[in-house]
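Heads up, input_7.csv below (CSV, C-alpha atoms):
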chain,number,residue,atom,x,y,z
A,1,MET,CA,-113.6,22.9,36.7
A,2,ASP,CA,-110.1,21.4,36.1
A,3,ILE,CA,-108.3,23.5,33.5
A,4,PRO,CA,-105.1,21.8,32.1
A,5,SER,CA,-101.8,23.5,33.0
A,6,VAL,CA,-98.6,24.1,31.2
A,7,ALA,CA,-95.4,23.5,33.1
A,8,LEU,CA,-93.2,26.6,32.7
A,9,ASN,CA,-89.4,26.2,32.4
A,10,ASN,CA,-89.0,26.6,36.2
A,11,GLY,CA,-91.6,23.9,37.0
A,12,VAL,CA,-94.4,26.4,37.9
A,13,ALA,CA,-97.8,25.2,36.6
A,14,MET,CA,-99.8,27.8,34.6
A,15,PRO,CA,-103.4,27.3,33.5
A,16,GLN,CA,-103.5,26.9,29.7
A,17,LEU,CA,-106.6,28.9,29.5
A,18,GLY,CA,-107.0,32.2,31.4
A,19,PHE,CA,-109.0,35.4,31.3
A,20,GLY,CA,-107.8,38.6,29.7
A,21,THR,CA,-108.9,41.7,31.6
A,22,TRP,CA,-108.1,44.5,29.0
A,23,GLN,CA,-110.8,47.1,29.3
A,24,VAL,CA,-113.0,45.2,31.7
A,25,GLY,CA,-113.9,46.0,35.3
A,26,GLN,CA,-114.7,44.3,38.6
A,27,SER,CA,-118.1,42.8,37.7
A,28,THR,CA,-116.7,41.2,34.5
A,29,VAL,CA,-113.8,39.6,36.4
A,30,GLU,CA,-116.2,38.4,39.0
A,31,THR,CA,-118.2,36.7,36.2
A,32,ALA,CA,-115.1,35.1,34.9
A,33,LEU,CA,-114.1,33.7,38.3
A,34,ALA,CA,-117.7,32.4,38.9
A,35,ALA,CA,-117.5,30.7,35.5
A,36,GLY,CA,-114.3,28.8,36.6
A,37,TYR,CA,-111.4,30.8,35.3
A,38,ARG,CA,-108.5,30.8,37.7
A,39,SER,CA,-105.8,32.6,35.7
A,40,LEU,CA,-106.2,36.4,35.3
A,41,ASP,CA,-104.1,38.5,33.1
A,42,THR,CA,-103.9,42.2,33.9
A,43,ALA,CA,-101.3,45.0,33.5
A,44,GLU,CA,-100.2,48.2,35.0
A,45,MET,CA,-101.3,49.9,31.8
A,46,TYR,CA,-104.8,48.5,31.9
A,47,GLY,CA,-105.5,50.6,35.0
A,48,ASN,CA,-107.7,47.9,36.4
A,49,GLU,CA,-105.4,46.1,38.9
A,50,PRO,CA,-107.6,47.4,41.8
A,51,ASP,CA,-110.7,46.0,40.0
A,52,VAL,CA,-109.1,42.6,39.7
A,53,ALA,CA,-108.2,42.7,43.4
A,54,ALA,CA,-111.8,43.7,44.3
A,55,ALA,CA,-113.2,40.9,42.1
A,56,ILE,CA,-111.0,38.3,43.7
A,57,ALA,CA,-112.0,39.5,47.2
A,58,ALA,CA,-115.7,39.4,46.3
A,59,SER,CA,-115.4,36.0,44.6
A,60,GLY,CA,-114.3,34.1,47.7
A,61,VAL,CA,-111.8,32.1,45.6
A,62,ALA,CA,-108.7,31.4,47.7
A,63,ARG,CA,-105.5,33.2,46.6
A,64,GLU,CA,-103.6,30.0,46.3
A,65,ASP,CA,-106.1,28.7,43.7
A,66,LEU,CA,-105.4,31.7,41.4
A,67,PHE,CA,-102.7,32.5,38.9
A,68,ILE,CA,-102.2,36.3,38.5
A,69,THR,CA,-100.2,37.9,35.8
A,70,THR,CA,-99.4,41.6,35.5
A,71,LYS,CA,-96.9,43.6,33.5
A,72,VAL,CA,-94.5,46.5,33.8
A,73,TRP,CA,-95.4,49.3,31.4
A,74,ASN,CA,-93.1,51.2,29.0
A,75,ASP,CA,-92.8,54.2,31.2
A,76,HIS,CA,-91.1,52.1,33.9
A,77,HIS,CA,-88.3,50.5,32.0
A,78,GLY,CA,-85.0,50.5,33.9
A,79,TYR,CA,-83.8,48.6,37.0
A,80,ARG,CA,-85.0,50.9,39.8
A,81,GLU,CA,-88.1,52.0,37.9
A,82,ALA,CA,-89.2,48.4,37.3
A,83,LEU,CA,-88.8,47.5,41.0
A,84,GLU,CA,-90.9,50.5,42.0
A,85,ALA,CA,-93.6,49.6,39.4
A,86,PHE,CA,-93.7,46.0,40.7
A,87,ASP,CA,-94.3,47.2,44.3
A,88,ALA,CA,-97.1,49.5,43.1
A,89,SER,CA,-98.8,46.7,41.1
A,90,ARG,CA,-98.5,44.4,44.1
A,91,ARG,CA,-100.2,46.9,46.3
A,92,ARG,CA,-103.0,47.5,43.9
A,93,LEU,CA,-103.5,43.8,43.5
A,94,GLY,CA,-103.5,43.2,47.2
A,95,THR,CA,-101.1,40.3,47.1
A,96,GLU,CA,-97.5,39.7,48.3
A,97,VAL,CA,-96.6,37.4,45.5
A,98,ILE,CA,-97.3,37.8,41.7
A,99,ASP,CA,-97.5,34.5,39.8
A,100,LEU,CA,-96.1,35.9,36.6
A,101,TYR,CA,-94.6,39.3,35.9
A,102,LEU,CA,-93.9,40.4,32.4
A,103,ILE,CA,-92.2,43.2,30.5
A,104,HIS,CA,-95.2,44.5,28.5
A,105,TRP,CA,-93.2,45.7,25.4
A,106,PRO,CA,-89.5,45.6,24.6
A,107,GLN,CA,-89.3,49.3,23.6
A,108,PRO,CA,-86.1,48.7,21.6
A,109,GLU,CA,-85.7,52.4,20.8
A,110,ARG,CA,-85.1,53.0,24.6
A,111,ASP,CA,-82.8,49.9,24.8
A,112,LEU,CA,-83.6,49.4,28.5
A,113,TYR,CA,-85.2,46.0,28.4
A,114,VAL,CA,-82.1,44.1,29.6
A,115,GLU,CA,-81.8,46.4,32.6
A,116,THR,CA,-85.5,46.0,33.2
A,117,TRP,CA,-85.1,42.2,33.0
A,118,ARG,CA,-82.4,42.2,35.6
A,119,ALA,CA,-84.9,43.8,38.0
A,120,LEU,CA,-87.3,41.0,37.2
A,121,GLU,CA,-84.6,38.5,37.9
A,122,LYS,CA,-84.1,40.1,41.3
A,123,LEU,CA,-87.8,39.9,42.1
A,124,TYR,CA,-87.7,36.2,41.1
A,125,ALA,CA,-84.7,35.4,43.2
A,126,GLU,CA,-86.3,37.1,46.2
A,127,GLY,CA,-89.5,35.0,45.7
A,128,ALA,CA,-91.7,38.1,45.0
A,129,VAL,CA,-92.7,36.5,41.7
A,130,ARG,CA,-93.1,32.8,40.9
A,131,ALA,CA,-92.1,33.2,37.3
A,132,ILE,CA,-91.0,36.1,35.0
A,133,GLY,CA,-91.4,36.6,31.3
A,134,VAL,CA,-91.9,39.1,28.5
A,135,SER,CA,-94.6,40.2,26.1
A,136,ASN,CA,-94.4,41.2,22.4
A,137,PHE,CA,-90.7,40.3,22.2
A,138,ALA,CA,-89.2,39.2,18.8
A,139,PRO,CA,-86.7,36.3,18.7
A,140,LYS,CA,-83.7,38.8,18.3
A,141,GLN,CA,-84.8,40.6,21.4
A,142,LEU,CA,-85.1,37.3,23.3
A,143,GLU,CA,-81.6,36.3,22.1
A,144,LYS,CA,-80.2,39.5,23.4
A,145,LEU,CA,-81.9,39.0,26.8
A,146,MET,CA,-80.7,35.4,27.1
A,147,SER,CA,-77.1,36.3,26.2
A,148,ALA,CA,-76.9,39.1,28.7
A,149,CYS,CA,-78.8,37.7,31.6
A,150,GLU,CA,-79.1,34.5,33.6
A,151,THR,CA,-82.8,33.6,33.5
A,152,VAL,CA,-84.6,32.4,30.3
A,153,PRO,CA,-88.0,34.0,30.2
A,154,ALA,CA,-90.7,31.6,31.2
A,155,VAL,CA,-93.3,33.1,28.8
A,156,ASN,CA,-93.5,35.3,25.8
A,157,GLN,CA,-97.0,36.7,25.4
A,158,ILE,CA,-97.7,37.7,21.8
A,159,GLU,CA,-100.6,38.4,19.5
A,160,LEU,CA,-101.4,35.0,18.1
A,161,HIS,CA,-104.4,33.5,16.4
A,162,PRO,CA,-105.2,31.6,13.2
A,163,GLY,CA,-104.8,34.7,11.1
A,164,LEU,CA,-101.4,35.4,12.6
A,165,SER,CA,-100.1,31.9,13.7
A,166,ARG,CA,-96.4,32.9,13.9
A,167,PRO,CA,-94.8,29.5,13.4
A,168,ARG,CA,-91.2,31.0,13.5
A,169,GLU,CA,-91.8,32.6,16.9
A,170,ARG,CA,-93.4,29.4,18.3
A,171,ALA,CA,-90.6,27.3,17.1
A,172,PHE,CA,-88.0,29.6,18.6
A,173,HIS,CA,-89.9,29.6,21.9
A,174,ALA,CA,-90.1,25.8,21.9
A,175,GLN,CA,-86.4,25.5,21.2
A,176,HIS,CA,-85.5,27.6,24.2
A,177,GLY,CA,-88.1,26.4,26.7
A,178,ILE,CA,-90.2,29.5,26.5
A,179,ALA,CA,-94.0,29.0,26.8
A,180,THR,CA,-96.0,30.8,24.1
A,181,GLU,CA,-99.0,32.8,25.4
A,182,ALA,CA,-101.6,34.3,23.0
A,183,TRP,CA,-103.2,37.6,23.5
A,184,ALA,CA,-106.1,38.3,21.1
A,185,PRO,CA,-106.4,34.5,20.7
A,186,ILE,CA,-109.6,34.8,18.6
A,187,ALA,CA,-108.4,37.9,16.7
A,188,LYS,CA,-110.9,40.2,18.5
A,189,GLY,CA,-113.7,38.4,16.7
A,190,ARG,CA,-112.3,39.1,13.2
A,191,LEU,CA,-112.0,35.4,12.3
A,192,LEU,CA,-115.3,34.1,13.6
A,193,ASN,CA,-116.7,34.1,10.0
A,194,ALA,CA,-113.7,32.6,8.4
A,195,SER,CA,-115.0,29.7,6.3
A,196,ALA,CA,-112.4,27.2,7.6
A,197,VAL,CA,-113.2,28.1,11.2
A,198,THR,CA,-117.0,27.9,10.7
A,199,ALA,CA,-116.7,24.6,8.9
A,200,VAL,CA,-114.7,23.1,11.7
A,201,ALA,CA,-117.0,24.5,14.3
A,202,GLU,CA,-120.1,23.2,12.6
A,203,LYS,CA,-118.5,19.8,12.2
A,204,HIS,CA,-118.1,19.5,16.0
A,205,GLY,CA,-121.3,21.4,17.0
A,206,ARG,CA,-119.3,24.2,18.5
A,207,THR,CA,-119.0,28.0,18.2
A,208,PRO,CA,-116.2,29.4,16.0
A,209,ALA,CA,-114.6,30.9,19.1
A,210,GLN,CA,-114.5,27.4,20.7
A,211,ALA,CA,-113.0,25.9,17.6
A,212,ILE,CA,-110.2,28.6,17.6
A,213,LEU,CA,-109.5,28.2,21.3
A,214,ARG,CA,-109.3,24.4,20.9
A,215,TRP,CA,-106.8,25.0,18.0
A,216,HIS,CA,-104.7,27.0,20.5
A,217,ILE,CA,-104.9,24.3,23.1
A,218,GLN,CA,-103.8,21.6,20.7
A,219,HIS,CA,-100.9,23.7,19.5
A,220,GLY,CA,-99.7,23.9,23.2
A,221,THR,CA,-100.4,27.6,23.4
A,222,ILE,CA,-101.6,29.4,26.5
A,223,ALA,CA,-104.6,31.5,25.6
A,224,ILE,CA,-106.2,34.4,27.4
A,225,PRO,CA,-109.5,35.2,25.7
A,226,ARG,CA,-111.3,38.3,26.8
A,227,SER,CA,-115.0,39.1,26.7
A,228,ALA,CA,-117.4,41.3,28.5
A,229,THR,CA,-120.4,39.1,27.7
A,230,PRO,CA,-121.3,36.5,30.4
A,231,GLU,CA,-122.5,33.9,27.8
A,232,ARG,CA,-119.2,34.2,25.8
A,233,ILE,CA,-117.1,34.1,29.0
A,234,GLU,CA,-118.7,30.8,29.9
A,235,SER,CA,-118.7,29.4,26.3
A,236,ASN,CA,-115.0,30.2,25.9
A,237,LEU,CA,-114.2,27.9,28.8
A,238,ALA,CA,-116.3,25.0,27.5
A,239,ILE,CA,-113.7,23.5,25.2
A,240,TRP,CA,-112.4,20.4,27.1
A,241,ASP,CA,-114.9,17.7,25.8
A,242,PHE,CA,-114.0,17.7,22.1
A,243,GLU,CA,-110.8,17.5,20.0
A,244,LEU,CA,-109.9,18.7,16.6
A,245,THR,CA,-108.5,16.2,14.1
A,246,GLU,CA,-105.3,16.7,12.3
A,247,GLN,CA,-107.2,17.8,9.2
A,248,ASP,CA,-109.2,20.3,11.3
A,249,MET,CA,-105.9,21.8,12.7
A,250,GLU,CA,-104.4,22.0,9.2
A,251,ALA,CA,-107.6,23.8,7.9
A,252,ILE,CA,-107.4,26.4,10.7
A,253,ASP,CA,-103.6,26.7,10.2
A,254,ALA,CA,-104.3,27.7,6.6
A,255,VAL,CA,-106.3,30.8,7.7
A,256,ASP,CA,-102.9,32.5,8.4
A,257,ALA,CA,-102.1,36.0,7.1
A,258,GLY,CA,-105.8,37.0,7.1
A,259,ALA,CA,-106.4,35.5,3.7
A,260,ASP,CA,-109.7,34.0,4.8
A,261,THR,CA,-111.4,36.3,7.2
A,262,ALA,CA,-114.9,36.6,5.7

Would you write the structure of this file as structure tokens?
Amino acid sequence: MDIPSVALNNGVAMPQLGFGTWQVGQSTVETALAAGYRSLDTAEMYGNEPDVAAAIAASGVAREDLFITTKVWNDHHGYREALEAFDASRRRLGTEVIDLYLIHWPQPERDLYVETWRALEKLYAEGAVRAIGVSNFAPKQLEKLMSACETVPAVNQIELHPGLSRPRERAFHAQHGIATEAWAPIAKGRLLNASAVTAVAEKHGRTPAQAILRWHIQHGTIAIPRSATPERIESNLAIWDFELTEQDMEAIDAVDAGADTA
């Protein structure tokens, strides 16, 4: 299956639809790989990097066909600490090069994310990672990072779905060449009964989750849906043979702020 890619600001191609691995184990990741996912999102904090590595080994999918994201956790902010955390993640994942390495949270109260970012810049310069980015950063934190450092983040991974569409953040990212990646892209199921979503889904003969994921794709967002159910894992990937109209997009846009979740 050919999943469209987004060109990051350094030219690296990242699949626009990936698989989130929060709270899933090896067998679920194997199911996702068998279904056709080639982008896997994990994190030090998830505690499942070894499971992801085992699933990759069992799948037979070549490493060069995969895009692996992991993240440095809050406990390892700081220059030396982040470098050590990266080495540990790389060992657990069984790969020399990580495709995308993110700062998981900015932790502004500790005020170490600039120092942590400089460690990621070093890893990028050395070729240990293909791209570096952040997660859960606000525009003011991105501005501080960009003013203090040399490398603009390739990605900001944030909670994003029709009930929290975050147009300000998306516009800021677009202005600075930062790709927007959505975690919880279907709001952990909370929006599947929203009337606007179900109406669009019924119009196209699709599931509500497929309608929401298509909304992400047409907004240019990278999405990483997560499921432990094989049928949903496959269904979430089957969104490439239909397109939402402008009116459909506007209807789902209007779900924002959770005003229509039932």

Of the candidates A:Arg118, A:Arg91, A:His104, A:Arg168, which shows the shortest atom-to-atom distance to Thr70 of chain A, using all atoms listed in the file?
A:His104

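Ranking A:Gly25, A:Gly78, A:Gly163, A:Gly11 by their shortest atom-to-atom distance to Arg110 of chain A, with all atoms listed in the file included, puts A:Gly78 first.
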
Find the distance between atom CA of Glu243 of chain A and atom CA of Gly220 of chain A and write it in Å to one decimal.
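We find that atom CA of Glu243 of chain A and atom CA of Gly220 of chain A lie 13.2 Å from each other.
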
Near Val29 of chain A, within 9 Å and counting all atoms listed in the file, which residues show up once chain neighbours fewer than 6 positions away are dropped, as a VMD selection string?
chain A and resid 19 21 40 51 to 52 55 to 56 228

Enter the distance from atom CA of Thr69 of chain A to atom CA of Arg90 of chain A, in Å, rounded to one decimal.
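We find that atom CA of Thr69 of chain A and atom CA of Arg90 of chain A lie 10.7 Å from each other.
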
If we count only C-alpha atoms and set the cut-off at 10 Å, which residues sit around Thr95 of chain A, ignoring sequence neighbours fewer than 5 positions away in its own chain? Please answer as a list in words.
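The contact residues come out as Ala53, Arg63, Ile68, Ser89, Arg90 and Ala128 of chain A.
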
Under the rule of at most 10 Å, produce a per-residue listing of segment 76-178 of chain A near segment 207-216 of chain A: chain, number, name, the closest pair of atoms, and the distance in Å, as a Markdown table, using all atoms listed in the file.
| residue | atom | partner | partner_atom | distance |
| --- | --- | --- | --- | --- |
| A:Leu160 | CA | A:His216 | CA | 9.0 |
| A:His161 | CA | A:Ile212 | CA | 7.7 |
| A:Pro162 | CA | A:Ile212 | CA | 7.3 |
| A:Ser165 | CA | A:His216 | CA | 9.6 |

List as a ChimeraX atom specification the protein and nucleic acid residues near Glu231 of chain A, meaning an atom at most 12 Å away when all atoms listed in the file are counted, but skip any in the same chain fewer than 3 places from it.
/A:28,31-32,35,207,227-228,234-238

Using all atoms listed in the file, determine which residues lie at most 9 Å from segment 131-140 of chain A, disregarding the query and same-chain residues fewer than 2 positions distant; provide the list as JSON, numbers by chain.
{"A": [8, 9, 10, 12, 71, 98, 99, 100, 101, 102, 103, 104, 105, 106, 117, 120, 121, 123, 124, 127, 129, 142, 143, 144, 145, 151, 152, 153, 154, 155, 156, 157, 158, 159, 168, 169, 172, 173, 178, 181]}

Taking into account all atoms listed in the file, which residue in the set A:Ala199, A:Met1, A:Val114, A:Leu191 is nearest to Leu33 of chain A?
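Among the listed residues, the smallest separation from Leu33 of chain A belongs to A:Met1.
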
From the list A:Arg38, A:Arg232, A:His204, A:His176, which residue is nearest Leu66 of chain A when using all atoms listed in the file?
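Among A:Arg38, A:Arg232, A:His204, A:His176, it is A:Arg38 that comes nearest to Leu66 of chain A.
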
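Distances here use only C-alpha atoms; by that measure, the residue among A:Gln107, A:Gln218, A:Phe86, A:Val255 closest to Leu192 of chain A is A:Val255.
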
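Atom CA of Gly47 of chain A lies 22.6 Å from atom CA of Gly60 of chain A.
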
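Distances to Ala223 of chain A were evaluated for A:Pro108, A:Pro185, A:Gly205, A:Gly36 using all atoms listed in the file, and the minimum falls at A:Pro185.
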
Residue neighbourhood segment 79-81 of chain A, 6 Å, all atoms listed in the file, exclusion window fewer than 3 positions, as number ranges by chain
A: 76, 84, 115-116, 119

Padding 8 Å on each side, edges along x, y and z: where is the centre of the box around the listed atoms of segment 22-26 of chain A, and how long are its edges in Å to one decimal? Output it as AutoDock Vina command-line options.
--center_x -111.4 --center_y 45.7 --center_z 33.8 --size_x 22.6 --size_y 18.8 --size_z 25.6
